[in-house]
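Okay, final_33.cif now, which holds mmCIF, C-alpha atoms:
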```cif
data_input
loop_
_atom_site.group_PDB
_atom_site.id
_atom_site.type_symbol
_atom_site.label_atom_id
_atom_site.label_comp_id
_atom_site.auth_asym_id
_atom_site.auth_seq_id
_atom_site.Cartn_x
_atom_site.Cartn_y
_atom_site.Cartn_z
ATOM 1 C CA MET A 1 16.193 -15.076 -13.396
ATOM 2 C CA THR A 2 19.459 -14.674 -11.519
ATOM 3 C CA GLU A 3 19.779 -12.338 -8.542
ATOM 4 C CA ARG A 4 22.256 -10.247 -10.534
ATOM 5 C CA PHE A 5 19.783 -9.830 -13.397
ATOM 6 C CA VAL A 6 16.956 -8.871 -11.028
ATOM 7 C CA ALA A 7 19.212 -6.331 -9.287
ATOM 8 C CA LYS A 8 20.149 -4.830 -12.640
ATOM 9 C CA MET A 9 16.492 -4.529 -13.669
ATOM 10 C CA LYS A 10 15.633 -2.820 -10.383
ATOM 11 C CA ARG A 11 18.517 -0.397 -10.806
ATOM 12 C CA ASN A 12 17.469 0.439 -14.387
ATOM 13 C CA ARG A 13 13.904 1.083 -13.216
ATOM 14 C CA TYR A 14 15.241 3.290 -10.434
ATOM 15 C CA LEU A 15 17.395 5.338 -12.838
ATOM 16 C CA VAL A 16 14.465 5.859 -15.205
ATOM 17 C CA PHE A 17 12.275 6.855 -12.276
ATOM 18 C CA ILE A 18 14.798 9.391 -10.953
ATOM 19 C CA LYS A 19 15.288 10.961 -14.390
ATOM 20 C CA LEU A 20 11.547 11.341 -14.913
ATOM 21 C CA ILE A 21 11.012 12.766 -11.432
ATOM 22 C CA PHE A 22 13.630 15.484 -11.932
ATOM 23 C CA ASN A 23 12.295 16.400 -15.385
ATOM 24 C CA PHE A 24 8.659 16.662 -14.401
ATOM 25 C CA ALA A 25 9.051 18.051 -10.886
ATOM 26 C CA ASP A 26 10.582 21.207 -12.352
ATOM 27 C CA PHE A 27 7.776 21.435 -14.898
ATOM 28 C CA PHE A 28 5.022 21.019 -12.333
ATOM 29 C CA ARG A 29 6.419 23.746 -10.090
ATOM 30 C CA GLY A 30 6.172 26.400 -12.779
ATOM 31 C CA ASN A 31 3.554 25.246 -15.266
ATOM 32 C CA VAL A 32 0.666 23.349 -13.727
ATOM 33 C CA ASN A 33 -2.305 25.664 -13.377
ATOM 34 C CA HIS A 34 -3.753 24.071 -10.229
ATOM 35 C CA PRO A 35 -0.854 22.651 -8.194
ATOM 36 C CA ASP A 36 -2.826 22.701 -4.928
ATOM 37 C CA GLN A 37 -5.121 20.029 -6.348
ATOM 38 C CA TYR A 38 -2.431 17.382 -5.924
ATOM 39 C CA GLN A 39 -0.825 18.540 -2.700
ATOM 40 C CA ILE A 40 -1.241 16.992 0.722
ATOM 41 C CA ALA A 41 -1.264 19.560 3.523
ATOM 42 C CA PHE A 42 0.100 17.540 6.423
ATOM 43 C CA SER A 43 1.269 20.125 8.958
ATOM 44 C CA GLY A 44 -2.061 20.321 10.776
ATOM 45 C CA LEU A 45 -2.711 16.572 10.842
ATOM 46 C CA ASN A 46 -2.294 14.498 13.987
ATOM 47 C CA PRO A 47 -0.525 11.142 13.799
ATOM 48 C CA GLY A 48 -2.869 8.583 12.306
ATOM 49 C CA THR A 49 -4.173 7.170 9.027
ATOM 50 C CA TYR A 50 -5.674 9.370 6.316
ATOM 51 C CA ILE A 51 -7.151 8.574 2.895
ATOM 52 C CA PHE A 52 -7.019 10.918 -0.107
ATOM 53 C CA ASP A 53 -8.892 10.397 -3.372
ATOM 54 C CA PHE A 54 -7.312 12.005 -6.452
ATOM 55 C CA GLN A 55 -9.222 11.833 -9.743
ATOM 56 C CA ILE A 56 -6.901 12.648 -12.639
ATOM 57 C CA GLY A 57 -8.328 13.746 -15.989
ATOM 58 C CA ASP A 58 -7.133 14.913 -19.401
ATOM 59 C CA SER A 59 -6.113 18.362 -18.152
ATOM 60 C CA PHE A 60 -3.505 16.795 -15.844
ATOM 61 C CA PHE A 61 -1.696 15.251 -18.819
ATOM 62 C CA GLU A 62 -2.387 17.949 -21.430
ATOM 63 C CA GLN A 63 -0.282 20.483 -19.526
ATOM 64 C CA LEU A 64 2.800 18.340 -20.245
ATOM 65 C CA GLN A 65 3.128 19.084 -23.953
ATOM 66 C CA ASP A 66 5.970 16.678 -24.718
ATOM 67 C CA ALA A 67 4.766 13.891 -22.451
ATOM 68 C CA GLU A 68 4.124 10.405 -23.819
ATOM 69 C CA ILE A 69 0.744 10.269 -22.080
ATOM 70 C CA LYS A 70 -1.714 12.497 -23.960
ATOM 71 C CA GLY A 71 -4.762 12.122 -21.737
ATOM 72 C CA GLY A 72 -6.673 9.739 -19.547
ATOM 73 C CA GLN A 73 -8.930 9.109 -16.599
ATOM 74 C CA VAL A 74 -7.082 7.699 -13.600
ATOM 75 C CA SER A 75 -8.036 7.210 -9.970
ATOM 76 C CA VAL A 76 -5.281 7.457 -7.362
ATOM 77 C CA ILE A 77 -6.291 6.465 -3.837
ATOM 78 C CA VAL A 78 -3.641 7.423 -1.287
ATOM 79 C CA THR A 79 -3.590 5.890 2.184
ATOM 80 C CA MET A 80 -1.211 7.854 4.388
ATOM 81 C CA ALA A 81 0.064 6.731 7.782
ATOM 82 C CA LYS A 82 1.341 9.904 9.452
ATOM 83 C CA GLU A 83 3.888 9.888 12.243
ATOM 84 C CA GLU A 84 5.605 12.826 13.933
ATOM 85 C CA ARG A 85 8.411 13.154 11.360
ATOM 86 C CA MET A 86 7.445 10.718 8.648
ATOM 87 C CA MET A 87 4.566 9.899 6.302
ATOM 88 C CA ASP A 88 4.127 6.479 4.717
ATOM 89 C CA LEU A 89 2.022 6.741 1.551
ATOM 90 C CA HIS A 90 0.482 3.779 -0.278
ATOM 91 C CA LEU A 91 -0.961 4.645 -3.697
ATOM 92 C CA GLU A 92 -3.527 2.506 -5.530
ATOM 93 C CA ILE A 93 -3.634 3.500 -9.207
ATOM 94 C CA SER A 94 -6.285 2.401 -11.704
ATOM 95 C CA GLY A 95 -7.752 3.738 -14.925
ATOM 96 C CA GLN A 96 -6.759 4.245 -18.530
ATOM 97 C CA VAL A 97 -4.489 6.627 -20.418
ATOM 98 C CA SER A 98 -4.087 7.655 -24.040
ATOM 99 C CA VAL A 99 -0.713 6.988 -25.690
ATOM 100 C CA ALA A 100 0.600 6.755 -29.252
ATOM 101 C CA CYS A 101 0.812 3.316 -30.832
ATOM 102 C CA ASP A 102 4.404 2.339 -31.590
ATOM 103 C CA ARG A 103 3.328 0.811 -34.917
ATOM 104 C CA CYS A 104 0.915 3.311 -36.488
ATOM 105 C CA ASN A 105 1.395 6.343 -34.176
ATOM 106 C CA GLU A 106 -2.365 6.702 -33.681
ATOM 107 C CA LEU A 107 -3.603 7.323 -30.151
ATOM 108 C CA MET A 108 -4.860 4.319 -28.222
ATOM 109 C CA ASP A 109 -6.202 3.695 -24.726
ATOM 110 C CA MET A 110 -4.205 1.545 -22.313
ATOM 111 C CA GLU A 111 -5.271 0.267 -18.923
ATOM 112 C CA VAL A 112 -3.060 1.095 -15.950
ATOM 113 C CA ASP A 113 -3.321 -0.694 -12.643
ATOM 114 C CA GLY A 114 -0.769 -0.885 -9.883
ATOM 115 C CA ARG A 115 0.382 0.001 -6.406
ATOM 116 C CA GLU A 116 3.261 2.199 -5.304
ATOM 117 C CA ARG A 117 4.735 3.238 -1.989
ATOM 118 C CA LEU A 118 6.332 6.569 -1.122
ATOM 119 C CA ILE A 119 7.843 7.531 2.234
ATOM 120 C CA ILE A 120 8.219 11.202 3.104
ATOM 121 C CA LYS A 121 10.635 12.137 5.882
ATOM 122 C CA LEU A 122 11.238 15.509 7.488
ATOM 123 C CA GLY A 123 14.844 16.705 7.493
ATOM 124 C CA ASP A 124 17.061 19.729 6.918
ATOM 125 C CA HIS A 125 16.541 20.077 3.147
ATOM 126 C CA TYR A 126 15.125 18.446 0.027
ATOM 127 C CA PHE A 127 16.922 15.313 -1.125
ATOM 128 C CA GLU A 128 16.241 11.804 -2.354
ATOM 129 C CA GLU A 129 17.285 9.140 0.117
ATOM 130 C CA SER A 130 16.286 6.229 -2.133
ATOM 131 C CA GLU A 131 13.822 5.235 -4.838
ATOM 132 C CA ASP A 132 10.933 5.186 -2.369
ATOM 133 C CA VAL A 133 12.084 7.726 0.221
ATOM 134 C CA GLN A 134 11.969 11.514 -0.167
ATOM 135 C CA VAL A 135 13.250 13.944 2.458
ATOM 136 C CA ILE A 136 11.739 17.419 2.696
ATOM 137 C CA PRO A 137 12.525 20.346 5.044
ATOM 138 C CA ASP A 138 10.843 20.187 8.425
ATOM 139 C CA THR A 139 9.610 23.724 7.723
ATOM 140 C CA ALA A 140 7.400 22.434 4.861
ATOM 141 C CA HIS A 141 3.651 22.358 5.367
ATOM 142 C CA GLU A 142 2.569 20.356 2.332
ATOM 143 C CA PHE A 143 3.856 17.921 -0.257
ATOM 144 C CA ASP A 144 3.119 17.962 -3.999
ATOM 145 C CA LEU A 145 2.204 14.479 -5.250
ATOM 146 C CA GLY A 146 1.559 15.658 -8.828
ATOM 147 C CA PRO A 147 4.906 14.740 -10.417
ATOM 148 C CA PHE A 148 5.094 11.461 -8.497
ATOM 149 C CA MET A 149 1.631 10.396 -9.613
ATOM 150 C CA TYR A 150 2.545 11.117 -13.227
ATOM 151 C CA GLU A 151 5.734 9.062 -13.008
ATOM 152 C CA TYR A 152 4.042 6.161 -11.249
ATOM 153 C CA ILE A 153 1.393 6.068 -13.993
ATOM 154 C CA HIS A 154 4.087 6.298 -16.663
ATOM 155 C CA LEU A 155 6.019 3.388 -15.149
ATOM 156 C CA LEU A 156 2.909 1.191 -15.313
ATOM 157 C CA LEU A 157 2.934 1.362 -19.117
ATOM 158 C CA PRO A 158 4.544 -1.498 -21.058
ATOM 159 C CA ILE A 159 7.746 -0.822 -22.992
ATOM 160 C CA ARG A 160 6.063 -1.728 -26.298
ATOM 161 C CA ARG A 161 2.686 -0.121 -26.924
ATOM 162 C CA VAL A 162 0.678 -1.325 -29.923
ATOM 163 C CA HIS A 163 -2.986 -1.716 -30.756
ATOM 164 C CA PRO A 164 -4.266 -5.143 -29.715
ATOM 165 C CA GLU A 165 -5.718 -7.548 -32.245
ATOM 166 C CA ASP A 166 -9.485 -7.888 -32.579
ATOM 167 C CA GLU A 167 -11.457 -11.127 -32.162
ATOM 168 C CA ALA A 168 -10.602 -12.156 -35.727
ATOM 169 C CA GLY A 169 -6.878 -11.738 -35.061
ATOM 170 C CA SER A 170 -6.538 -8.570 -37.138
ATOM 171 C CA SER A 171 -4.581 -5.549 -35.990
ATOM 172 C CA GLN A 172 -6.625 -2.543 -34.883
ATOM 173 C CA CYS A 173 -3.943 -0.168 -36.125
ATOM 174 C CA ASP A 174 -4.767 2.442 -38.767
ATOM 175 C CA PRO A 175 -5.236 0.294 -41.923
ATOM 176 C CA GLU A 176 -3.755 2.965 -44.180
ATOM 177 C CA ILE A 177 -0.560 3.097 -42.130
ATOM 178 C CA ILE A 178 -0.345 -0.709 -42.100
ATOM 179 C CA ARG A 179 -0.764 -0.759 -45.893
ATOM 180 C CA LYS A 180 2.045 1.737 -46.362
ATOM 181 C CA LEU A 181 4.319 -0.142 -43.982
ATOM 182 C CA LYS A 182 3.680 -3.329 -45.962
ATOM 183 C CA GLU A 183 4.500 -1.565 -49.219
ATOM 184 C CA LEU A 184 7.754 -0.228 -47.804
ATOM 185 C CA SER A 185 8.661 -3.682 -46.554
ATOM 186 C CA GLU A 186 8.027 -5.231 -49.966
ATOM 187 C CA ARG A 187 10.073 -2.561 -51.722
ATOM 188 C CA HIS A 188 12.881 -3.205 -49.307
ATOM 189 C CA MET A 189 12.817 -6.923 -50.101
ATOM 190 C CA GLU A 190 12.719 -6.291 -53.869
ATOM 191 C CA ASP A 191 15.627 -3.850 -53.875
ATOM 192 C CA PRO A 192 18.414 -5.538 -55.950
ATOM 193 C CA ARG A 193 21.072 -3.841 -53.856
ATOM 194 C CA TRP A 194 20.065 -5.964 -50.904
ATOM 195 C CA GLU A 195 20.386 -9.097 -53.016
ATOM 196 C CA ALA A 196 23.898 -8.050 -54.042
ATOM 197 C CA LEU A 197 24.876 -7.464 -50.431
ATOM 198 C CA LYS A 198 23.402 -10.811 -49.468
ATOM 199 C CA LYS A 199 25.550 -12.551 -52.075
ATOM 200 C CA LEU A 200 28.672 -10.824 -50.732
ATOM 201 C CA LYS A 201 27.762 -11.991 -47.267
ATOM 202 C CA ASP A 202 27.333 -15.582 -48.475
#
```
Is it possible to express this structure as structure tokens?
Amino acid sequence: MTERFVAKMKRNRYLVFIKLIFNFADFFRGNVNHPDQYQIAFSGLNPGTYIFDFQIGDSFFEQLQDAEIKGGQVSVIVTMAKEERMMDLHLEISGQVSVACDRCNELMDMEVDGRERLIIKLGDHYFEESEDVQVIPDTAHEFDLGPFMYEYIHLLLPIRRVHPEDEAGSSQCDPEIIRKLKELSERHMEDPRWEALKKLKD
């Protein structure tokens, strides 16, 4: 891949990330029932390294009614290196989530596994310095990781999500949906209007 292509892919990922963060950060502030569960209270911590263990369950995802992820069990281990005016967070994410299959629309489990880094700086006000750097007011006492954890998990999902094939090479999608899709495909091929258009094209 060329450097230009790689740069474009990174920029596209960044734009998707920023859009998701803004959408879900607003939701989490007003709608999550237990926001303290995903916050790191850093004001009383001395400089040093700290480890936080967040276990995310179905309730975390179910509160986002229109979210693509419908449930799951995910472990997020956060290692935080705290300095006087900065926190360097390394997140290790592993588990599985429930999403709709792109082919049959039935829910399926998908493994997620990855690492992310987030740097929190203290400044005059909230703003996003870059994809990995967030600035918060120096008057803040804690930081809500909830929306960031959701977005990091979301970004670990593949673009195309379909049921895998079994050992015999058969799709594990809903057989009734597959049957109907096949019927629609055959009707499409048999439609004489398509043949007429094909002749015009030739």
message: So that I can check the surroundings of region 48-54 of chain A, please list as a ChimeraX atom specification every protein, DNA and RNA residue that reaches within 8 Å of it, counting only C-alpha atoms and ignoring chain neighbours fewer than 5 positions away.
response: /A:38,75-83
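Between CA of Glu92 (chain A) and CA of Arg115 (chain A) there is a distance of 4.7 Å.
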Select from region 94-132 of chain A every residue with an atom at most 12 Å from any atom of region 66-72 of chain A, then for each give the shortest pair of atoms and their distance in Å to one decimal, using all atoms listed in the file, rows by chain and rising number, as a tab-separated table.
```
residue	atom	partner	partner_atom	distance
A:Ser94	CA	A:Gly72	CA	10.7
A:Gly95	CA	A:Gly72	CA	7.7
A:Gln96	CA	A:Gly72	CA	5.6
A:Val97	CA	A:Gly72	CA	3.9
A:Ser98	CA	A:Gly71	CA	5.1
A:Val99	CA	A:Ile69	CA	5.1
A:Ala100	CA	A:Glu68	CA	7.4
A:Cys101	CA	A:Glu68	CA	10.5
A:Asp102	CA	A:Glu68	CA	11.2
A:Asn105	CA	A:Glu68	CA	11.5
A:Glu106	CA	A:Lys70	CA	11.3
A:Leu107	CA	A:Lys70	CA	8.3
A:Met108	CA	A:Lys70	CA	9.7
A:Asp109	CA	A:Gly72	CA	8.0
A:Met110	CA	A:Gly72	CA	9.0
A:Glu111	CA	A:Gly72	CA	9.6
A:Val112	CA	A:Gly72	CA	10.0
```
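Coordinates place CA of Gly57 (chain A) at a distance of 25.2 Å from CA of Asp88 (chain A).
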field: Residue members of the PyMOL selection byres ((chain A and resi 120-137) around 7) in the file shown, as a ChimeraX atom specification
entry: /A:14,85-88,117-119,138-140
task: In Å, rounded to a single decimal, give me how far CA of Ile153 (chain A) is from CA of Ile40 (chain A).
output: 18.5 Å
- request: Using the chain letters and numbers from the file, give me the residues hit by the PyMOL selection byres ((chain A and resi 141) around 6), as number ranges by chain.
  value: A: 41, 43, 140, 142
Enclose region 157-175 of chain A, meaning all of its atoms listed in the file, in a box aligned along x, y and z, pad it by 8 Å on each side, and list the centre and edge lengths in Å to one decimal, as AutoDock Vina command-line options.
```
--center_x -1.9 --center_y -4.9 --center_z -30.5 --size_x 35.2 --size_y 30.6 --size_z 38.8
```
task: Starting from the displayed file, determine the output of the PyMOL selection byres ((chain A and resi 146) around 8) and express the residue list as a list in words.
output: Phe28, Pro35, Tyr38, Gln39, Asp144, Leu145, Pro147, Phe148, Met149 and Tyr150 of chain A
Restricting the output to C-alpha atoms, write the selected residues as a tab-separated table (two decimals), keeping the file's coordinate frame.
```tsv
chain	number	residue	atom	x	y	z
A	28	PHE	CA	5.02	21.02	-12.33
A	35	PRO	CA	-0.85	22.65	-8.19
A	38	TYR	CA	-2.43	17.38	-5.92
A	39	GLN	CA	-0.82	18.54	-2.70
A	144	ASP	CA	3.12	17.96	-4.00
A	145	LEU	CA	2.20	14.48	-5.25
A	147	PRO	CA	4.91	14.74	-10.42
A	148	PHE	CA	5.09	11.46	-8.50
A	149	MET	CA	1.63	10.40	-9.61
A	150	TYR	CA	2.54	11.12	-13.23
```
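Nearest residue to Arg179 (chain A), choosing from A:Arg103, A:Pro47, A:Glu151, A:Pro158 and counting only C-alpha atoms: A:Arg103.
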